[in-house]
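With CSV, C-alpha atoms inside, this is target28.csv:
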chain,number,residue,atom,x,y,z
A,214,MET,CA,105.4,103.5,128.5
A,215,LYS,CA,102.8,101.9,126.3
A,216,TYR,CA,100.7,103.8,123.7
A,217,THR,CA,98.2,102.8,121.0
A,218,ILE,CA,98.7,104.0,117.5
A,219,ASN,CA,95.5,106.0,118.0
A,220,ASP,CA,97.3,108.0,120.7
A,221,ILE,CA,100.0,109.2,118.4
A,222,ALA,CA,98.7,109.1,114.8
A,223,THR,CA,95.6,109.5,112.7
A,224,VAL,CA,94.4,107.7,109.6
A,225,ILE,CA,94.2,110.0,106.5
A,226,SER,CA,91.5,109.1,104.0
A,227,GLU,CA,91.5,112.0,101.6
A,228,SER,CA,90.2,110.6,98.3
A,229,ILE,CA,91.5,111.8,94.9
A,230,PRO,CA,88.8,110.7,92.3
A,231,ASN,CA,90.8,111.7,89.2
A,232,PRO,CA,94.4,111.0,89.9
A,233,SER,CA,95.7,111.6,86.4
A,234,GLU,CA,94.3,115.2,86.6
A,235,SER,CA,95.1,115.8,90.3
A,236,GLY,CA,98.5,117.5,89.8
A,237,TYR,CA,100.2,114.6,91.7
A,238,GLU,CA,102.6,112.6,89.6
A,239,ILE,CA,103.6,109.9,92.0
A,240,PHE,CA,101.6,106.8,92.6
A,241,VAL,CA,102.5,104.1,95.2
A,242,GLY,CA,100.7,100.8,94.5
A,243,LEU,CA,101.0,97.6,96.5
A,244,GLU,CA,103.7,96.5,94.1
A,245,HIS,CA,106.0,99.4,95.1
A,246,TYR,CA,106.4,98.3,98.7
A,247,ASP,CA,109.5,96.4,99.7
A,248,SER,CA,108.7,93.8,102.4
A,249,GLY,CA,110.2,94.6,105.8
A,250,GLU,CA,111.6,98.0,104.8
A,251,VAL,CA,111.0,101.1,106.8
A,252,LYS,CA,111.0,103.4,103.8
A,253,VAL,CA,108.9,103.3,100.6
A,254,SER,CA,111.3,104.4,97.9
A,255,ARG,CA,109.8,103.0,94.7
A,256,TYR,CA,106.7,104.4,92.9
A,257,GLY,CA,104.9,104.6,89.6
A,258,SER,CA,103.1,107.3,87.7
A,259,THR,CA,99.5,108.6,88.0
A,260,ALA,CA,99.4,109.1,84.2
A,261,ASN,CA,97.2,106.1,83.4
A,262,LEU,CA,95.3,105.8,86.7
A,263,VAL,CA,91.5,105.9,86.3
A,264,THR,CA,90.3,104.8,89.7
A,265,ALA,CA,90.1,106.8,92.9
A,266,VAL,CA,93.1,106.8,95.2
A,267,LYS,CA,94.2,108.3,98.5
A,268,LEU,CA,96.4,111.3,99.0
A,269,PHE,CA,99.6,111.2,101.2
A,270,LYS,CA,102.1,113.8,102.2
A,271,LYS,CA,105.8,113.7,102.8
A,272,GLY,CA,106.4,112.3,106.3
A,273,ASP,CA,103.3,110.0,106.3
A,274,ILE,CA,103.6,106.3,106.8
A,275,LEU,CA,101.9,104.0,104.3
A,276,LEU,CA,100.8,100.4,105.2
A,277,ALA,CA,99.5,97.8,102.8
A,278,ARG,CA,96.4,96.5,104.5
A,279,ARG,CA,95.9,93.6,102.1
A,280,ASN,CA,97.8,90.3,102.6
A,281,VAL,CA,99.6,91.6,105.6
A,282,TYR,CA,101.9,88.5,105.8
A,283,LEU,CA,103.9,90.3,103.1
A,284,LYS,CA,104.9,92.9,105.8
A,285,ARG,CA,104.7,96.1,103.8
A,286,ALA,CA,104.8,99.4,105.6
A,287,GLY,CA,107.1,102.4,105.3
A,288,LEU,CA,107.8,106.1,105.6
A,289,VAL,CA,107.5,108.3,102.5
A,290,ASP,CA,109.6,111.4,101.9
A,291,PHE,CA,107.6,112.7,99.0
A,292,ASP,CA,104.0,113.7,98.2
A,293,GLY,CA,101.7,111.5,96.1
A,294,VAL,CA,98.7,109.2,95.9
A,295,THR,CA,98.4,105.6,96.9
A,296,SER,CA,96.1,102.6,96.4
A,297,GLY,CA,92.9,102.1,98.2
A,298,ASP,CA,94.4,99.1,99.8
A,299,SER,CA,97.0,101.3,101.6
A,300,ILE,CA,96.4,102.9,104.9
A,301,VAL,CA,97.8,106.4,105.3
A,302,LEU,CA,99.0,107.2,108.8
A,303,ARG,CA,100.0,110.7,109.9
A,304,VAL,CA,101.7,111.4,113.3
A,305,LYS,CA,99.9,114.1,115.2
A,306,GLU,CA,101.6,117.5,115.1
A,307,ASP,CA,101.5,118.0,118.9
A,308,LEU,CA,102.2,115.2,121.3
A,309,SER,CA,103.4,117.4,124.2
A,310,ASN,CA,100.4,116.3,126.2
A,311,LEU,CA,101.9,112.8,126.2
A,312,GLY,CA,105.4,114.1,126.9
A,313,LEU,CA,106.5,113.1,123.4
A,314,SER,CA,108.1,114.7,120.4
A,315,SER,CA,106.1,114.2,117.2
A,316,VAL,CA,109.4,114.3,115.3
A,317,ASP,CA,110.8,111.4,117.4
A,318,VAL,CA,107.6,109.4,117.1
A,319,GLN,CA,107.5,109.9,113.3
A,320,LYS,CA,111.0,108.5,113.0
A,321,TYR,CA,110.3,105.6,115.4
A,322,LEU,CA,106.9,104.4,114.2
A,323,PRO,CA,108.1,102.9,110.9
A,324,PHE,CA,110.3,100.6,112.9
A,325,VAL,CA,107.5,99.6,115.2
A,326,LEU,CA,105.3,98.7,112.1
A,327,ASN,CA,108.1,96.4,110.9
A,328,THR,CA,108.5,94.3,114.0
A,329,GLU,CA,107.3,90.6,114.1
A,330,GLU,CA,105.1,91.5,117.0
A,331,PHE,CA,103.1,94.0,114.9
A,332,TRP,CA,102.8,91.8,111.9
A,333,ASN,CA,101.7,88.9,114.0
A,334,TYR,CA,99.0,91.2,115.5
A,335,ALA,CA,98.0,92.4,112.0
A,336,GLU,CA,97.7,88.9,110.6
A,337,LYS,CA,95.7,87.6,113.6
A,338,TYR,CA,93.1,90.4,113.5
A,339,SER,CA,92.8,90.9,109.7
A,340,ASP,CA,89.3,90.4,108.3
A,341,GLY,CA,88.2,88.3,105.4
A,342,THR,CA,88.8,84.8,104.0
A,343,MET,CA,90.2,84.8,100.5
A,344,SER,CA,92.1,88.1,100.7
A,345,LYS,CA,92.4,89.2,104.3
A,346,ARG,CA,92.6,93.0,105.1
A,347,LEU,CA,93.6,94.9,108.2
A,348,SER,CA,91.1,97.6,109.0
A,349,PRO,CA,92.2,101.1,110.1
A,350,LYS,CA,90.3,100.7,113.3
A,351,THR,CA,92.2,97.5,114.2
A,352,LEU,CA,95.5,99.2,113.2
A,353,LEU,CA,94.8,102.2,115.5
A,354,GLN,CA,94.2,99.8,118.5
A,355,TYR,CA,97.7,98.3,118.3
A,356,GLU,CA,99.6,98.9,121.5
A,357,PHE,CA,103.3,99.3,121.7
A,358,GLU,CA,106.0,100.7,123.9
A,359,ILE,CA,107.9,104.0,123.3
A,360,PRO,CA,111.3,104.0,125.1
A,361,GLU,CA,112.4,106.9,127.2
A,362,ASN,CA,115.6,107.1,125.2
A,363,ILE,CA,113.7,107.3,121.9
A,364,SER,CA,116.0,110.0,120.4
A,365,GLU,CA,119.1,107.9,121.0
A,366,LYS,CA,117.4,104.7,119.7
A,367,ASN,CA,116.2,106.6,116.6
A,368,ASP,CA,119.8,107.7,115.9
A,369,LEU,CA,121.0,104.1,116.1
A,370,LEU,CA,118.1,102.7,114.0
A,371,TRP,CA,118.4,105.3,111.2
A,372,ALA,CA,122.2,105.0,111.2
A,373,ALA,CA,121.8,101.3,110.6
A,374,PHE,CA,119.2,102.0,107.8
A,375,GLU,CA,121.7,104.4,106.1
A,376,ALA,CA,124.4,101.7,106.2
A,377,LYS,CA,122.0,99.3,104.6
A,378,GLU,CA,121.2,101.9,101.9
A,379,SER,CA,124.9,102.4,101.1
A,380,TYR,CA,125.3,98.6,100.7
A,381,ARG,CA,122.2,98.6,98.4
A,382,LYS,CA,123.7,101.3,96.3
A,383,MET,CA,126.8,99.2,95.9
A,384,ILE,CA,124.7,96.3,94.8
A,385,ALA,CA,122.8,98.5,92.3
A,386,ALA,CA,126.1,99.8,91.0
A,387,THR,CA,127.4,96.3,90.5
A,388,ASP,CA,124.2,95.4,88.6
A,389,GLU,CA,124.6,98.5,86.4
A,390,MET,CA,128.2,97.5,85.6
A,391,VAL,CA,127.1,94.0,84.5
A,392,LYS,CA,124.2,95.4,82.4
A,393,SER,CA,126.5,98.0,80.8
A,394,GLN,CA,129.0,95.2,79.9
A,395,PHE,CA,126.2,93.2,78.4
A,396,ILE,CA,124.9,96.0,76.2
A,397,SER,CA,128.5,97.0,75.2
A,398,GLN,CA,129.2,93.4,74.0
A,399,PHE,CA,125.9,92.2,72.7
A,400,GLY,CA,123.6,95.2,72.2
A,401,ASN,CA,124.6,95.9,68.6
A,402,ASP,CA,123.1,94.8,65.3
A,403,SER,CA,126.0,92.5,64.5
A,404,ILE,CA,124.8,90.0,67.1
A,405,PRO,CA,122.1,87.6,65.8
A,406,LYS,CA,118.8,87.7,67.6
A,407,VAL,CA,116.3,84.9,67.9
A,408,GLU,CA,112.9,84.5,69.6
A,409,LEU,CA,113.0,83.4,73.2
A,410,SER,CA,111.0,80.3,72.7
A,411,SER,CA,113.4,79.1,70.0
A,412,LEU,CA,116.1,78.8,72.7
A,413,CYS,CA,113.9,76.5,74.8
A,414,THR,CA,113.2,72.8,74.7
A,415,GLU,CA,110.1,73.6,76.8
A,416,PHE,CA,108.3,77.0,77.1
A,417,LEU,CA,104.9,76.7,78.8
A,418,ASP,CA,102.7,78.2,81.5
A,419,GLY,CA,102.5,77.0,85.1
A,420,ASP,CA,99.5,75.3,86.5
A,421,TRP,CA,96.1,76.7,87.6
A,422,ILE,CA,96.0,76.0,91.3
A,423,GLU,CA,93.1,77.1,93.4
A,424,SER,CA,93.0,77.5,97.2
A,425,LYS,CA,91.0,74.3,97.5
A,426,ASP,CA,93.8,72.4,95.7
A,427,GLN,CA,96.5,73.4,98.2
A,428,SER,CA,97.8,71.4,101.1
A,429,ASP,CA,100.5,71.4,103.8
A,430,SER,CA,103.0,69.2,102.0
A,431,GLY,CA,103.8,67.6,98.7
A,432,TYR,CA,104.9,69.6,95.7
A,433,ARG,CA,106.0,73.2,96.5
A,434,LEU,CA,103.9,75.8,94.7
A,435,VAL,CA,106.3,78.5,93.4
A,436,GLN,CA,104.4,81.8,92.8
A,437,THR,CA,105.1,85.2,91.2
A,438,GLY,CA,106.2,86.5,94.6
A,439,ASN,CA,109.1,84.0,94.5
A,440,VAL,CA,110.4,85.4,91.3
A,441,GLY,CA,112.7,88.3,91.9
A,442,ILE,CA,114.6,90.4,89.5
A,443,GLY,CA,117.2,87.8,88.5
A,444,GLU,CA,117.0,85.9,91.8
A,445,TYR,CA,114.8,83.3,93.4
A,446,ILE,CA,113.1,84.5,96.6
A,447,ASP,CA,112.5,81.5,98.8
A,448,LYS,CA,109.8,82.7,101.3
A,449,SER,CA,109.9,79.2,102.8
A,450,GLY,CA,107.9,80.4,105.9
A,451,LYS,CA,104.9,81.1,103.7
A,452,ALA,CA,105.3,78.1,101.3
A,453,ARG,CA,102.3,76.5,99.7
A,454,PHE,CA,102.0,73.0,98.4
A,455,VAL,CA,99.9,70.6,96.5
A,456,SER,CA,99.6,66.9,97.4
A,457,GLU,CA,100.9,64.1,95.3
A,458,ASP,CA,97.4,63.1,94.5
A,459,THR,CA,96.5,66.6,93.4
A,460,PHE,CA,99.6,66.8,91.3
A,461,LYS,CA,98.5,63.7,89.4
A,462,ARG,CA,94.8,64.7,89.2
A,463,LEU,CA,95.6,68.1,87.7
A,464,ASN,CA,98.3,66.7,85.5
A,465,CYS,CA,100.7,69.4,86.8
A,466,THR,CA,104.1,70.2,85.3
A,467,GLU,CA,107.1,69.7,87.6
A,468,VAL,CA,109.8,72.4,87.6
A,469,PHE,CA,113.4,71.6,88.3
A,470,ALA,CA,116.7,73.2,89.3
A,471,GLY,CA,118.1,75.2,86.4
A,472,ASP,CA,114.7,76.0,84.9
A,473,ILE,CA,114.0,79.7,84.4
A,474,LEU,CA,110.7,81.1,85.6
A,475,PHE,CA,109.2,84.3,84.0
A,476,SER,CA,106.7,86.2,86.0
A,477,ARG,CA,104.0,87.6,83.7
A,478,LEU,CA,102.6,89.9,86.4
A,479,PRO,CA,102.8,92.1,88.5
A,480,GLU,CA,105.4,94.8,87.8
A,481,PRO,CA,108.1,94.5,86.7
A,482,LEU,CA,106.6,92.3,84.1
A,483,GLY,CA,108.7,89.6,82.5
A,484,ARG,CA,111.2,89.5,85.4
A,485,CYS,CA,112.8,86.0,85.8
A,486,CYS,CA,115.0,83.8,87.9
A,487,ILE,CA,116.8,80.5,87.8
A,488,LEU,CA,115.6,77.8,90.1
A,489,PRO,CA,118.5,77.1,92.5
A,490,GLU,CA,120.5,73.9,92.8
A,491,ASN,CA,119.1,71.2,95.1
A,492,PHE,CA,115.6,72.6,94.5
A,493,GLN,CA,112.9,70.4,96.0
A,494,LYS,CA,110.1,69.0,93.9
A,495,ALA,CA,107.8,71.8,92.9
A,496,ILE,CA,105.3,73.2,90.4
A,497,THR,CA,104.6,76.8,89.5
A,498,ALA,CA,101.5,79.0,89.2
A,499,VAL,CA,99.8,79.8,86.0
A,500,ASP,CA,101.1,83.4,86.0
A,501,CYS,CA,104.6,82.1,85.6
A,502,ALA,CA,106.1,80.8,82.4
A,503,ILE,CA,108.6,77.9,82.5
A,504,ALA,CA,111.6,78.2,80.2
A,505,ARG,CA,113.8,75.1,79.9
A,506,LEU,CA,116.8,76.1,77.7
A,507,GLY,CA,118.5,74.0,75.1
A,508,ASP,CA,122.1,74.1,74.2
A,509,LYS,CA,122.2,77.5,72.4
A,510,CYS,CA,122.0,79.8,75.4
A,511,LEU,CA,123.3,79.8,79.0
A,512,PRO,CA,120.7,80.5,81.7
A,513,GLU,CA,122.8,83.3,83.4
A,514,PHE,CA,123.3,85.0,80.0
A,515,LEU,CA,119.6,85.0,79.4
A,516,VAL,CA,118.7,86.2,82.9
A,517,THR,CA,121.2,89.1,82.6
A,518,TYR,CA,119.6,90.1,79.3
A,519,THR,CA,116.2,90.4,81.0
A,520,SER,CA,117.6,93.1,83.3
A,521,THR,CA,118.5,95.4,80.4
A,522,GLU,CA,116.5,98.1,78.7
A,523,LEU,CA,116.7,96.2,75.4
A,524,TYR,CA,114.5,93.5,77.0
A,525,THR,CA,112.2,95.8,79.0
A,526,ALA,CA,111.4,97.9,75.9
A,527,GLN,CA,110.1,94.8,74.1
A,528,VAL,CA,108.1,93.7,77.1
A,529,ASN,CA,106.5,97.2,77.4
A,530,LYS,CA,105.3,97.0,73.8
A,531,CYS,CA,103.3,93.9,74.3
A,532,MET,CA,101.7,94.4,77.7
A,533,THR,CA,97.9,94.0,78.0
A,534,GLY,CA,95.3,95.0,80.6
A,535,THR,CA,94.2,98.2,82.1
A,536,THR,CA,93.8,98.0,85.9
A,537,ARG,CA,96.4,95.2,86.1
A,538,GLN,CA,98.8,94.8,83.3
A,539,ARG,CA,100.4,91.5,82.3
A,540,ILE,CA,102.3,89.9,79.4
A,541,SER,CA,101.0,86.7,77.8
A,542,ARG,CA,103.2,83.6,77.3
A,543,ASN,CA,102.7,83.9,73.6
A,544,ASN,CA,104.0,87.5,73.5
A,545,LEU,CA,106.8,86.6,75.9
A,546,ALA,CA,107.8,83.8,73.5
A,547,LYS,CA,108.3,86.3,70.7
A,548,ILE,CA,110.8,88.5,72.6
A,549,LEU,CA,114.0,88.7,70.6
A,550,VAL,CA,117.2,87.6,72.5
A,551,PRO,CA,120.8,88.2,71.4
A,552,CYS,CA,122.4,84.9,70.7
A,553,PRO,CA,126.2,85.1,70.3
A,554,ASP,CA,128.3,81.9,70.2
A,555,LEU,CA,128.7,80.0,73.5
A,556,THR,CA,132.4,81.0,73.8
A,557,ALA,CA,131.3,84.7,74.1
A,558,GLN,CA,128.5,83.8,76.5
A,559,LYS,CA,130.8,81.8,78.8
A,560,SER,CA,133.3,84.7,78.9
A,561,PHE,CA,130.5,87.1,79.9
A,562,VAL,CA,129.0,84.7,82.5
A,563,ARG,CA,132.4,84.5,84.3
A,564,VAL,CA,132.1,88.3,84.8
A,565,ALA,CA,128.5,88.0,85.9
A,566,ARG,CA,129.4,85.3,88.4
A,567,GLN,CA,132.2,87.3,90.0
A,568,ALA,CA,129.7,90.2,90.3
A,569,ASP,CA,127.3,87.9,92.0
A,570,LYS,CA,129.9,86.9,94.6
A,571,SER,CA,130.4,90.5,95.4
A,572,LYS,CA,126.7,91.1,95.7
A,573,PHE,CA,126.4,88.0,98.0
A,574,GLU,CA,128.9,89.4,100.4
A,575,LEU,CA,127.1,92.8,100.5
A,576,LYS,CA,123.7,91.0,101.1
A,577,GLN,CA,125.3,89.2,104.0
A,578,ALA,CA,126.3,92.5,105.5
A,579,ILE,CA,122.8,93.8,105.1
A,580,GLU,CA,121.4,90.7,106.9
A,581,LYS,CA,123.8,91.4,109.8
A,582,ILE,CA,122.5,95.0,110.0
A,583,ASP,CA,118.9,93.7,110.0
A,584,LYS,CA,119.7,91.5,113.0
A,585,VAL,CA,121.1,94.6,114.8
A,586,MET,CA,117.9,96.6,114.0
A,587,ARG,CA,115.7,93.8,115.2
A,588,ALA,CA,117.7,93.6,118.5
A,589,LEU,CA,117.3,97.3,119.0
A,590,MET,CA,113.5,97.0,118.7
A,591,GLN,CA,113.2,94.2,121.2
Rendering of file as structure tokens:
Amino acid sequence: MKYTINDIATVISESIPNPSESGYEIFVGLEHYDSGEVKVSRYGSTANLVTAVKLFKKGDILLARRNVYLKRAGLVDFDGVTSGDSIVLRVKEDLSNLGLSSVDVQKYLPFVLNTEEFWNYAEKYSDGTMSKRLSPKTLLQYEFEIPENISEKNDLLWAAFEAKESYRKMIAATDEMVKSQFISQFGNDSIPKVELSSLCTEFLDGDWIESKDQSDSGYRLVQTGNVGIGEYIDKSGKARFVSEDTFKRLNCTEVFAGDILFSRLPEPLGRCCILPENFQKAITAVDCAIARLGDKCLPEFLVTYTSTELYTAQVNKCMTGTTRQRISRNNLAKILVPCPDLTAQKSFVRVARQADKSKFELKQAIEKIDKVMRALMQ
């Protein structure tokens, strides 16, 4: 039987004007959502927040209403506050008049909000031009089907989710092993340290590309959203381009396979990735810094270093901004990087590559689980 979200849930808009003094320590901003995930598990602190935010409670569902093509919605299992660009949904306590269990619906709704059908609806009916937003009213009008065997389906869906979580933990443990190995070998004072820019033949910002400069083909525009933590995120379905003529007119800088891109915002600041082999012709946005290494440092060695606390501590000291923090290219250039001899780097990179193979297999297993979950929701 079909229901609207308005039938089974309400939008909560309880404003918290002074979040740092509210007694709530957890803040969920748009940067803390993971695209396509049914749970919000990352968060920041309210300590430095100065603008009004919305309250949410454990069991609520948060949805990022801005740029819905990023597909950000999930259940929270903690109390806290969230951005004004989030919608807070709370399942009604009593749904017996509809012949439904609120517990079952609460478990099921996050999966509904992560279907392609829902996000297509959200994108179609979002308002605005430059930065489209989904209104609460439009969200509440969304109609979907609740199966008769909802309890059984919930069991299957959440079992699949738990399996994914176990694989993610294995990936995280692999990352921690590699970082620990790095710090053990290269985190002491006996290893010489040099400024990041000194390791590069080129270290420069990407290009300032406005919406009017973009086209449907030509040079791929790589943006901050494509820069993951140590990995390139393709997002080819949402790719943006500039034409050959625009590339020449704006005197853009082409990026190549093997280049390292540093994202100067948003969190985590300074994250970077290596552009993959067989990379198509492309440029990058101004909020990314392009690092083209010389012969003193291996790309995989540098990228591993950027995942350590040694690197993060330096980045945190030179952040600027209040409402939206960033790191300038000049400050990034001065970050100190351990620079052992190439023999030691190559030995470490062999370990890192083996770890990457293990992570790749785990990620493939996660993709298979995602396919099962999508099939269950059809």
Give me the residues near stretch 513-527 of chain A as a VMD selection string, where near means some atom within 9 Å (using only C-alpha atoms) and where sequence neighbours in that chain fewer than 3 positions away do not count.
chain A and resid 388 391 to 393 395 to 396 400 442 to 443 473 481 to 487 510 530 to 531 548 to 551 558 to 559 561 to 562 565 to 566
Please tell me which residues are no farther than 12 Å from (88.7, 99.4, 81.4) in the file, counting all atoms listed in the file, and write them as a list in words.
Asn261, Leu262, Val263, Thr264, Thr533, Gly534, Thr535, Thr536, Arg537 and Gln538 of chain A
Deliver the residues from the most recent selection as a file, using C-alpha atoms, as a JSON list (two decimals), in the frame of the given file.
[["chain", "number", "residue", "atom", "x", "y", "z"],
["A", 261, "ASN", "CA", 97.20, 106.10, 83.40],
["A", 262, "LEU", "CA", 95.30, 105.80, 86.70],
["A", 263, "VAL", "CA", 91.50, 105.90, 86.30],
["A", 264, "THR", "CA", 90.30, 104.80, 89.70],
["A", 533, "THR", "CA", 97.90, 94.00, 78.00],
["A", 534, "GLY", "CA", 95.30, 95.00, 80.60],
["A", 535, "THR", "CA", 94.20, 98.20, 82.10],
["A", 536, "THR", "CA", 93.80, 98.00, 85.90],
["A", 537, "ARG", "CA", 96.40, 95.20, 86.10],
["A", 538, "GLN", "CA", 98.80, 94.80, 83.30]]
Can you tell me, as a list in words, what residues are no more than 12 Å from stretch 581-584 of chain A when counting only C-alpha atoms, ignoring any on the same chain fewer than 3 positions away?
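Contacts, in chain order: Gly249, Glu250, Val251, Phe324, Asn327, Thr328, Leu369, Leu370, Trp371, Ala372, Ala373, Phe374, Glu375, Ala376, Lys377, Glu378, Ser379, Tyr380, Glu574, Leu575, Lys576, Gln577, Ala578, Arg587, Ala588, Leu589, Met590 and Gln591 of chain A.
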For A:Phe240, which residue among A:Ile274, A:Val294, A:Val301, A:Leu511 is the nearest when counting all atoms listed in the file?
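Looking at the shortest contact to A:Phe240, the residue is A:Val294.
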Between atom CA of A:Met586 and atom CA of A:Leu326, what is the distance, to one decimal in Å?
12.9 Å
Residues within 9 Å of A:Ser339, please, as a PDB file with C-alpha atoms, keeping the file's coordinate frame. Count all atoms listed in the file; anything in the same chain fewer than 5 positions from it doesn't count.
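Saved result, result-v2.pdb, follows:
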ATOM      1  CA  ARG A 278      96.400  96.500 104.500  1.00  0.00           C
ATOM      2  CA  ARG A 279      95.900  93.600 102.100  1.00  0.00           C
ATOM      3  CA  ASN A 280      97.800  90.300 102.600  1.00  0.00           C
ATOM      4  CA  VAL A 281      99.600  91.600 105.600  1.00  0.00           C
ATOM      5  CA  TYR A 334      99.000  91.200 115.500  1.00  0.00           C
ATOM      6  CA  LYS A 345      92.400  89.200 104.300  1.00  0.00           C
ATOM      7  CA  ARG A 346      92.600  93.000 105.100  1.00  0.00           C
ATOM      8  CA  LEU A 347      93.600  94.900 108.200  1.00  0.00           C
ATOM      9  CA  SER A 348      91.100  97.600 109.000  1.00  0.00           C
ATOM     10  CA  THR A 351      92.200  97.500 114.200  1.00  0.00           C
TER      11      THR A 351
END
Who sits within 7 Å of A:Asp472, only C-alpha atoms, same chain under 3 positions skipped, as number ranges by chain
A: 468-469, 487-488, 503-505
Separation of atom CA of A:Lys451 from atom CA of A:Ser476, in Å and rounded to one decimal
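Interatomic distance, atom CA of A:Lys451 to atom CA of A:Ser476: 18.5 Å.
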Considering only C-alpha atoms, state which residue in the set A:Lys215, A:Lys366, A:Lys270, A:Lys350 is at the smallest distance from A:Val585.
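Nearest candidate to A:Val585 out of A:Lys215, A:Lys366, A:Lys270, A:Lys350: A:Lys366.
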So the first atom is atom CA of A:Ile225 and the second is atom CA of A:Glu361; what is the distance between them in Å, to one decimal place?
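One can read the atom CA of A:Ile225 to atom CA of A:Glu361 distance as 27.7 Å.
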Just checking: using only C-alpha atoms, which residue out of A:Lys547, A:Ile363, A:Ile404, A:Ser228 ends up closest to A:Gly312?
A:Ile363
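Closest approach to A:Gln427 among A:Thr414, A:Ile496, A:Leu474, A:Lys448: A:Ile496, based on only C-alpha atoms.
Excluding A:Lys271 and any residue on its chain fewer than 3 positions from it, the residues at most 10 Å away by all atoms listed in the file are A:Ile274, A:Leu288, A:Val289, A:Asp290, A:Phe291, A:Asp292, A:Gly293, A:Arg303.
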